[in-house]
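Chemist: Contents of target-v3.cif (mmCIF, C-alpha atoms) are below:
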data_input
loop_
_atom_site.label_atom_id
_atom_site.label_comp_id
_atom_site.auth_asym_id
_atom_site.auth_seq_id
_atom_site.Cartn_x
_atom_site.Cartn_y
_atom_site.Cartn_z
CA MET B 1 68.61 113.43 144.10
CA LYS B 2 66.95 113.86 147.50
CA HIS B 3 63.55 114.55 145.95
CA LEU B 4 63.65 111.11 144.30
CA ALA B 5 63.99 109.40 147.67
CA ASP B 6 61.16 111.53 149.06
CA ASP B 7 58.99 110.62 146.07
CA ARG B 8 59.77 106.95 146.64
CA ARG B 9 58.79 107.13 150.32
CA GLN B 10 55.63 109.03 149.47
CA SER B 11 54.73 106.48 146.80
CA ALA B 12 55.26 103.61 149.26
CA LYS B 13 53.11 105.40 151.84
CA GLN B 14 50.33 105.90 149.28
CA ASP B 15 50.49 102.22 148.30
CA GLU B 16 50.18 101.22 151.96
CA GLU B 17 47.23 103.56 152.44
CA GLY B 18 45.62 102.17 149.28
CA ARG B 19 45.88 98.59 150.55
CA ALA B 20 44.50 99.66 153.94
CA ALA B 21 41.57 101.40 152.21
CA GLN B 22 40.78 98.22 150.26
CA LEU B 23 40.94 96.15 153.44
CA LEU B 24 38.63 98.61 155.18
CA ALA B 25 36.11 98.34 152.36
CA TRP B 26 36.03 94.54 152.61
CA LEU B 27 35.89 94.63 156.42
CA SER B 28 33.03 97.11 156.36
CA ALA B 29 31.07 94.94 153.91
CA MET B 30 31.71 91.81 156.00
CA ALA B 31 30.79 93.61 159.23
CA LEU B 32 27.54 94.76 157.67
CA LEU B 33 26.64 91.23 156.53
CA PHE B 34 27.57 89.68 159.89
CA LEU B 35 25.57 92.23 161.88
CA LEU B 36 22.52 91.75 159.68
CA GLY B 37 22.85 87.96 159.73
CA ILE B 38 23.52 87.56 163.47
CA GLY B 39 20.80 90.12 164.19
CA ALA B 40 18.34 88.01 162.22
CA LYS B 41 19.42 84.87 164.09
CA SER B 42 18.96 86.63 167.43
CA TRP B 43 15.53 87.83 166.37
CA PHE B 44 14.32 84.36 165.52
CA SER B 45 15.98 82.97 168.69
CA GLY B 46 13.86 85.22 170.87
CA HIS B 47 16.50 87.86 171.62
CA GLY B 48 14.63 90.75 170.03
CA ASN B 49 16.36 93.57 171.89
CA HIS B 50 19.78 92.21 171.03
CA ALA B 51 18.76 91.88 167.38
CA VAL B 52 17.58 95.48 167.22
CA VAL B 53 20.85 96.75 168.73
CA LEU B 54 22.90 94.76 166.20
CA TRP B 55 20.80 96.13 163.34
CA CYS B 56 21.39 99.66 164.65
CA PHE B 57 25.12 99.01 164.48
CA ALA B 58 24.61 97.67 160.95
CA VAL B 59 22.97 100.98 160.04
CA LEU B 60 25.98 102.88 161.45
CA VAL B 61 28.37 100.73 159.39
CA ALA B 62 26.26 101.33 156.28
CA LEU B 63 26.24 105.09 156.90
CA ASN B 64 30.03 105.03 157.29
CA ILE B 65 30.32 103.21 153.95
CA LEU B 66 28.05 105.76 152.25
CA ALA B 67 30.06 108.62 153.74
CA PHE B 68 33.24 107.09 152.32
CA LEU B 69 31.67 106.65 148.87
CA LYS B 70 30.75 110.34 148.96
CA THR B 71 33.98 111.82 150.34
CA ARG B 72 36.52 109.16 149.25
CA ASP B 73 38.43 109.98 152.43
CA PRO B 74 40.06 106.74 153.72
CA SER B 75 41.12 108.38 157.01
CA GLN B 76 37.54 109.37 157.81
CA HIS B 77 36.37 105.89 156.82
CA LYS B 78 38.95 104.25 159.12
CA VAL B 79 38.10 106.45 162.11
CA GLY B 80 34.38 105.92 161.58
CA LEU B 81 34.74 102.13 161.43
CA LEU B 82 36.97 102.00 164.51
CA ILE B 83 34.48 104.10 166.49
CA VAL B 84 31.56 101.86 165.48
CA VAL B 85 33.48 98.66 166.23
CA SER B 86 34.69 100.00 169.59
CA ALA B 87 31.14 100.95 170.56
CA LEU B 88 29.95 97.49 169.47
CA PHE B 89 32.50 95.78 171.70
CA VAL B 90 31.50 98.00 174.62
CA TYR B 91 27.93 96.85 174.12
CA LEU B 92 28.91 93.17 173.75
CA PHE B 93 31.01 93.25 176.92
CA ALA B 94 28.34 95.01 178.96
CA SER B 95 25.40 92.93 177.71
CA GLY B 96 27.16 89.64 177.07
CA GLY B 97 25.43 89.29 173.70
CA GLU B 98 23.76 85.90 173.41
CA ASN B 99 24.57 83.56 176.28
CA ASN B 100 27.56 85.70 177.36
CA THR B 101 29.43 84.97 174.11
CA GLY B 102 29.67 88.63 173.10
CA PRO B 103 33.28 89.17 174.34
CA LEU B 104 34.50 86.38 172.04
CA TRP B 105 34.14 88.76 169.10
CA PHE B 106 36.88 90.87 170.65
CA TYR B 107 39.49 88.43 169.30
CA VAL B 108 39.15 89.98 165.83
CA PHE B 109 40.07 93.41 167.22
CA PRO B 110 43.87 93.25 167.92
CA PRO B 111 45.07 92.36 164.38
CA LEU B 112 42.69 94.89 162.86
CA LEU B 113 43.75 97.56 165.32
CA PHE B 114 47.52 97.15 164.81
CA TYR B 115 47.24 97.08 161.02
CA LEU B 116 45.02 100.13 160.73
CA THR B 117 46.43 102.41 163.43
CA GLY B 118 50.03 101.31 163.93
CA LEU B 119 51.78 99.77 166.90
CA ARG B 120 51.73 102.72 169.29
CA VAL B 121 48.13 103.87 168.77
CA GLY B 122 46.93 100.27 168.48
CA THR B 123 48.53 99.32 171.81
CA LEU B 124 47.00 102.34 173.52
CA MET B 125 43.51 101.61 172.19
CA LEU B 126 43.85 97.95 173.11
CA LEU B 127 44.82 98.82 176.66
CA VAL B 128 41.79 101.08 176.98
CA CYS B 129 39.53 98.25 175.76
CA LEU B 130 41.06 95.77 178.20
CA LEU B 131 40.67 98.29 181.00
CA PHE B 132 36.99 98.55 180.16
CA ALA B 133 36.70 94.73 180.09
CA THR B 134 38.33 94.59 183.53
CA LEU B 135 35.82 97.15 184.80
CA VAL B 136 32.89 95.09 183.48
CA PHE B 137 34.27 91.81 184.84
CA GLN B 138 35.09 93.18 188.29
CA PHE B 139 32.02 95.35 188.82
CA PRO B 140 28.98 93.53 187.38
CA GLN B 141 26.73 95.66 189.56
CA LEU B 142 27.36 98.78 187.45
CA PRO B 143 24.11 100.14 185.97
CA PHE B 144 25.12 99.67 182.34
CA VAL B 145 26.32 96.07 182.89
CA THR B 146 23.73 93.32 182.46
CA ALA B 147 26.02 90.31 182.00
CA GLU B 148 27.79 88.18 184.59
CA TYR B 149 30.84 86.10 183.71
CA SER B 150 32.33 83.16 185.57
CA ALA B 151 35.78 83.35 187.09
CA ASP B 152 37.06 80.68 184.70
CA PHE B 153 35.82 82.67 181.70
CA LYS B 154 37.50 85.85 182.94
CA VAL B 155 40.87 84.16 183.49
CA ARG B 156 40.80 82.32 180.17
CA PHE B 157 39.63 85.40 178.28
CA PHE B 158 42.39 87.64 179.62
CA ALA B 159 45.08 84.97 179.18
CA THR B 160 44.14 84.26 175.57
CA ILE B 161 43.49 87.87 174.53
CA CYS B 162 46.84 89.00 176.00
CA PHE B 163 48.62 86.19 174.15
CA GLU B 164 46.86 87.11 170.90
CA ALA B 165 47.62 90.81 171.38
CA MET B 166 51.34 90.17 171.92
CA PHE B 167 51.44 87.78 168.98
CA CYS B 168 49.71 90.31 166.71
CA PHE B 169 52.01 93.07 167.95
CA LEU B 170 55.11 91.04 167.07
CA LEU B 171 53.71 90.06 163.67
CA GLU B 172 52.86 93.66 162.79
CA TYR B 173 56.24 94.86 164.07
CA SER B 174 57.99 92.25 161.91
CA ARG B 175 55.86 93.15 158.90
CA ARG B 176 56.56 96.86 159.21
CA LYS B 177 60.28 96.26 159.81
CA ALA B 178 60.54 93.98 156.76
CA ARG B 179 58.62 96.50 154.66
CA ASN B 180 60.92 99.36 155.70
CA GLU B 181 64.03 97.25 155.05
CA LEU B 182 62.77 96.27 151.59
CA LEU B 183 61.90 99.89 150.83
CA ALA B 184 65.36 101.04 151.95
CA GLN B 185 66.99 98.33 149.85
CA ALA B 186 64.89 99.22 146.82
CA MET B 187 65.74 102.90 147.24
CA SER B 188 69.42 102.01 147.56
CA HIS B 189 69.34 99.98 144.33
CA GLU B 190 67.38 102.70 142.56
CA GLN B 191 69.83 105.34 143.78
CA ALA B 192 72.75 103.24 142.51
CA ALA B 193 71.03 102.81 139.14
CA ARG B 194 70.58 106.59 138.83
CA THR B 195 73.92 107.76 140.22
CA ASP B 196 77.45 107.88 138.89
CA GLU B 197 79.56 105.87 141.33
CA LEU B 198 82.69 108.04 141.13
CA THR B 199 81.23 111.56 141.37
CA GLY B 200 77.90 110.98 143.13
CA LEU B 201 76.12 113.01 140.44
CA ALA B 202 73.29 111.68 138.30
CA ASN B 203 74.37 109.28 135.56
CA ARG B 204 73.58 109.36 131.85
CA ARG B 205 70.47 107.21 132.23
CA GLU B 206 68.96 109.50 134.87
CA MET B 207 69.76 112.59 132.81
CA GLN B 208 68.11 111.13 129.72
CA GLN B 209 64.94 110.42 131.68
CA ARG B 210 64.90 113.91 133.20
CA LEU B 211 65.52 115.51 129.81
CA GLN B 212 62.50 113.69 128.41
CA LEU B 213 60.33 114.74 131.37
CA GLU B 214 61.46 118.34 131.00
CA TYR B 215 60.81 118.25 127.26
CA ASN B 216 57.31 116.88 127.89
CA ARG B 217 56.70 119.73 130.33
CA TYR B 218 57.95 122.20 127.72
CA GLN B 219 55.56 120.82 125.12
CA ARG B 220 52.67 120.77 127.59
CA SER B 221 53.04 124.17 129.26
CA GLY B 222 55.76 126.06 127.40
CA HIS B 223 58.29 126.11 130.25
CA HIS B 224 61.56 126.39 128.37
CA PHE B 225 64.87 125.03 129.59
CA SER B 226 68.54 125.05 128.67
CA VAL B 227 71.42 122.62 128.86
CA ALA B 228 75.18 123.01 129.18
CA LEU B 229 77.67 120.36 128.09
CA ILE B 230 80.91 120.76 130.05
CA ASP B 231 84.28 119.21 129.28
CA LEU B 232 87.41 119.23 131.44
CA ASP B 233 90.21 120.64 129.29
CA TRP B 234 93.26 118.49 128.61
CA PHE B 235 92.01 115.83 131.00
CA LYS B 236 94.07 113.13 129.30
CA ARG B 237 97.23 115.04 130.20
CA ILE B 238 96.26 114.93 133.88
CA ASN B 239 95.88 111.15 133.69
CA ASP B 240 99.15 110.79 131.78
CA ASP B 241 101.20 113.16 133.95
CA TYR B 242 99.76 112.48 137.41
CA GLY B 243 98.03 109.10 137.08
CA HIS B 244 94.42 107.95 136.92
CA ASP B 245 93.98 108.42 140.68
CA ALA B 246 94.66 112.10 140.15
CA GLY B 247 92.13 112.16 137.31
CA ASP B 248 89.51 110.55 139.55
CA ALA B 249 90.27 113.11 142.27
CA VAL B 250 89.79 115.97 139.78
CA LEU B 251 86.46 114.52 138.63
CA ARG B 252 85.22 114.25 142.23
CA GLN B 253 86.37 117.77 143.14
CA PHE B 254 84.77 119.24 140.03
CA ALA B 255 81.54 117.36 140.76
CA GLU B 256 81.46 118.86 144.26
CA LEU B 257 82.04 122.33 142.85
CA LEU B 258 79.33 121.84 140.25
CA ALA B 259 76.83 120.57 142.83
CA GLN B 260 77.46 123.67 144.96
CA MET B 261 76.69 126.09 142.14
CA VAL B 262 73.49 124.62 140.70
CA ARG B 263 70.00 125.20 142.05
CA GLN B 264 67.90 122.49 143.64
CA THR B 265 65.72 122.40 140.52
CA ASP B 266 68.75 121.86 138.27
CA LEU B 267 70.30 118.50 137.53
CA ALA B 268 74.01 117.88 137.05
CA ALA B 269 75.10 114.56 135.56
CA ARG B 270 78.28 112.88 134.48
CA TRP B 271 77.58 112.42 130.80
CA GLY B 272 80.59 110.24 130.11
CA GLY B 273 84.32 110.30 130.80
CA GLU B 274 85.27 113.89 131.60
CA GLU B 275 82.04 115.34 130.16
CA PHE B 276 79.22 116.65 132.35
CA LEU B 277 75.73 117.73 131.32
CA LEU B 278 73.79 120.37 133.19
CA LEU B 279 69.98 120.59 132.89
CA LEU B 280 68.58 124.02 133.77
CA PRO B 281 64.76 124.15 133.95
CA ASP B 282 63.00 127.49 133.47
CA THR B 283 66.25 129.03 132.28
CA SER B 284 66.81 131.11 129.16
CA LEU B 285 69.89 130.81 126.97
CA LEU B 286 71.36 134.03 128.35
CA GLN B 287 70.86 132.88 131.95
CA ALA B 288 72.44 129.52 131.14
CA LEU B 289 75.41 131.24 129.50
CA THR B 290 75.87 133.47 132.53
CA LEU B 291 75.79 130.49 134.91
CA SER B 292 78.24 128.57 132.74
CA GLU B 293 80.63 131.51 132.65
CA ARG B 294 80.46 131.82 136.43
CA LEU B 295 81.25 128.11 136.69
CA ARG B 296 84.16 128.47 134.25
CA GLN B 297 85.58 131.32 136.31
CA LYS B 298 85.05 129.38 139.55
CA VAL B 299 86.97 126.41 138.18
CA ALA B 300 89.77 128.68 136.95
CA ASP B 301 90.08 130.24 140.41
CA ASN B 302 89.85 126.94 142.28
CA HIS B 303 92.93 124.98 143.33
CA PHE B 304 92.49 121.30 142.49
CA GLN B 305 94.72 119.34 144.82
CA PHE B 306 96.10 115.82 144.67
CA ARG B 307 98.67 114.60 147.17
CA GLY B 308 99.87 118.10 147.86
CA GLU B 309 100.16 119.11 144.21
CA THR B 310 98.00 121.70 142.48
CA LEU B 311 96.65 120.38 139.18
CA PRO B 312 95.93 122.60 136.15
CA VAL B 313 92.17 122.36 135.54
CA SER B 314 89.91 124.43 133.31
CA ILE B 315 86.65 123.75 131.51
CA SER B 316 85.03 124.42 128.18
CA ALA B 317 81.26 124.35 127.75
CA GLY B 318 78.63 124.51 125.07
CA VAL B 319 75.21 125.90 125.89
CA SER B 320 71.90 125.62 124.08
CA SER B 321 68.20 126.24 124.75
CA ILE B 322 65.23 124.09 123.83
CA THR B 323 63.72 127.13 122.10
CA GLN B 324 66.38 126.66 119.43
CA SER B 325 65.62 122.94 118.95
CA ASP B 326 62.75 120.74 117.88
CA SER B 327 63.69 117.60 119.85
CA ILE B 328 65.94 116.30 122.61
CA ASN B 329 68.32 114.75 120.07
CA HIS B 330 68.56 118.04 118.18
CA LEU B 331 69.23 119.89 121.43
CA LEU B 332 72.05 117.51 122.37
CA LYS B 333 73.59 117.78 118.91
CA GLN B 334 73.49 121.57 119.14
CA VAL B 335 75.12 121.69 122.55
CA ASP B 336 77.77 119.22 121.36
CA VAL B 337 78.55 121.51 118.41
CA GLN B 338 78.83 124.49 120.77
CA LEU B 339 81.24 122.55 123.00
CA TYR B 340 83.33 121.71 119.94
CA ASN B 341 83.38 125.41 119.02
CA ALA B 342 84.54 126.35 122.52
CA LYS B 343 87.38 123.82 122.41
CA ALA B 344 88.35 124.78 118.86
CA ALA B 345 88.53 128.44 119.91
CA GLY B 346 91.23 127.63 122.47
CA ARG B 347 89.43 125.96 125.40
CA ASN B 348 88.72 127.52 128.81
CA ARG B 349 85.69 129.33 127.39
CA ILE B 350 81.94 129.10 126.81
CA ALA B 351 80.17 128.93 123.46
CA PRO B 352 78.33 130.84 122.24
CA ARG B 353 80.27 133.75 123.73
CA VAL B 354 78.83 136.01 126.44
CA LYS B 355 80.51 138.73 128.42
CA SER B 356 80.61 138.11 132.17
CA ARG B 357 80.42 140.72 134.88
CA LEU B 358 82.95 138.66 136.80
CA THR B 359 85.73 138.78 134.23
CA PRO B 360 86.43 140.53 130.98
CA ALA B 361 85.69 138.61 127.83
CA ILE B 362 88.48 136.31 126.71
CA PRO B 363 89.81 137.38 123.32
CA ASP B 364 89.42 134.91 120.54
CA ALA B 365 92.45 132.76 119.89
#
Turn this file's structure into structure tokens for me.

Modeler:
Amino acid sequence: MKHLADDRRQSAKQDEEGRAAQLLAWLSAMALLFLLGIGAKSWFSGHGNHAVVLWCFAVLVALNILAFLKTRDPSQHKVGLLIVVSALFVYLFASGGENNTGPLWFYVFPPLLFYLTGLRVGTLMLLVCLLFATLVFQFPQLPFVTAEYSADFKVRFFATICFEAMFCFLLEYSRRKARNELLAQAMSHEQAARTDELTGLANRREMQQRLQLEYNRYQRSGHHFSVALIDLDWFKRINDDYGHDAGDAVLRQFAELLAQMVRQTDLAARWGGEEFLLLLPDTSLLQALTLSERLRQKVADNHFQFRGETLPVSISAGVSSITQSDSINHLLKQVDVQLYNAKAAGRNRIAPRVKSRLTPAIPDA
């Protein structure tokens, strides 16, 4: 069942990346419009050089959008946008923009940074940006700095941007924590819906879904599979003689034994009561019979314990392959008939019969 949890996490991660990609697309479009619009305003306000620089940044944003439309790589799109925006803020801090209002655009950076890069990387990048701002504010005589800011502006800017950064950090931390908790809760509910509570194996619903998926794969690509229907012999006697707690203990111990013997690609499920169904992908009938016989022998050799007493436990099983059936229902009917044949022949055996290398064939009763 572990692969189901991994699939769930991967699906949630892909959904998060999809939402981030959509946000990036809207942000890129808005950034392009703002740069073109503010550039035009600066041009008509007599700040020609500033307008040209803003239009150059608009070209870079447009090129990043075109690159994304060509590659469809959201990671490349995100990195490209962050580089362009970071370079824009460097320019706005150093030049002051129009009337030293350029640094005010930096307030849009913290929430964007934390959402797109995460808390750790976002904090690091934010600290680098603030370090650069400190350098510009403290050393206006540097050759690349053309703006001068008043002391009041510097104090208020740092006070407000630090408050916003901490607030955005806490909001993003809360959002990610709530998302992870909801994902964990959803996975827990999904696991409970797919798992038999007593044995920890898959339940009937999960097995039916996997059977259908495996049958679809068989129809699509010809990968055959087999199933084994297993029944604990004389299970009612165990409940009657030792109590239902003993019966539950036997079911749990058998489930553990079954889980140890199957492959990771196989699926073992509690089909109902003392019956278990085993799905064996890419397995022929002969291979399934051999595995079932090994399991039968393992159960016969195992000592099932309950409160210091050894309980008599054996299994019967019917085995069938999809190559002998034309539907899932037909396959299940066939394997049920084979199980009936095994029990009618005296129990503690597999049907149809196959000789095992582990033990000699059991004579017919």

Chemist: Measure the distance from atom CA of B:Ala202 to atom CA of B:Ala269 in Å and round it to one decimal.

Modeler: 4.4 Å

Chemist: Would you mind reading off the distance between atom CA of B:Ala268 and atom CA of B:Leu295, one decimal, in Å?

Modeler: 12.5 Å

Chemist: Between B:Lys298, B:Arg270, B:Lys343, B:Arg176, which residue has the minimum interatomic distance to B:Glu16, considering all atoms listed in the file?

Modeler: B:Arg176

Chemist: Considering all atoms listed in the file, can you say which of B:Ile161, B:Val337, B:Leu251, B:Leu232 comes closest to B:Asp196?

Modeler: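 Nearest to B:Asp196: B:Leu251.
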
Chemist: Applying 12 Å and all atoms listed in the file, which residues near B:Gly122 remain after dropping the ones on its own chain fewer than 3 positions away? List them as a list of chain:residue names.

Modeler: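 What passes the distance filter is B:Leu82, B:Phe109, B:Pro110, B:Pro111, B:Leu112, B:Leu113, B:Phe114, B:Tyr115, B:Leu116, B:Thr117, B:Gly118, B:Leu119, B:Met125, B:Leu126, B:Leu127, B:Val128, B:Cys129, B:Ala165, B:Met166, B:Cys168, B:Phe169, B:Glu172, B:Tyr173.
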
Chemist: Using all atoms listed in the file, find the one residue out of B:Arg353, B:Ala94, B:Phe163, B:Ala255 that sits nearest to B:Thr290.

Modeler: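 Among B:Arg353, B:Ala94, B:Phe163, B:Ala255, it is B:Arg353 that comes nearest to B:Thr290.
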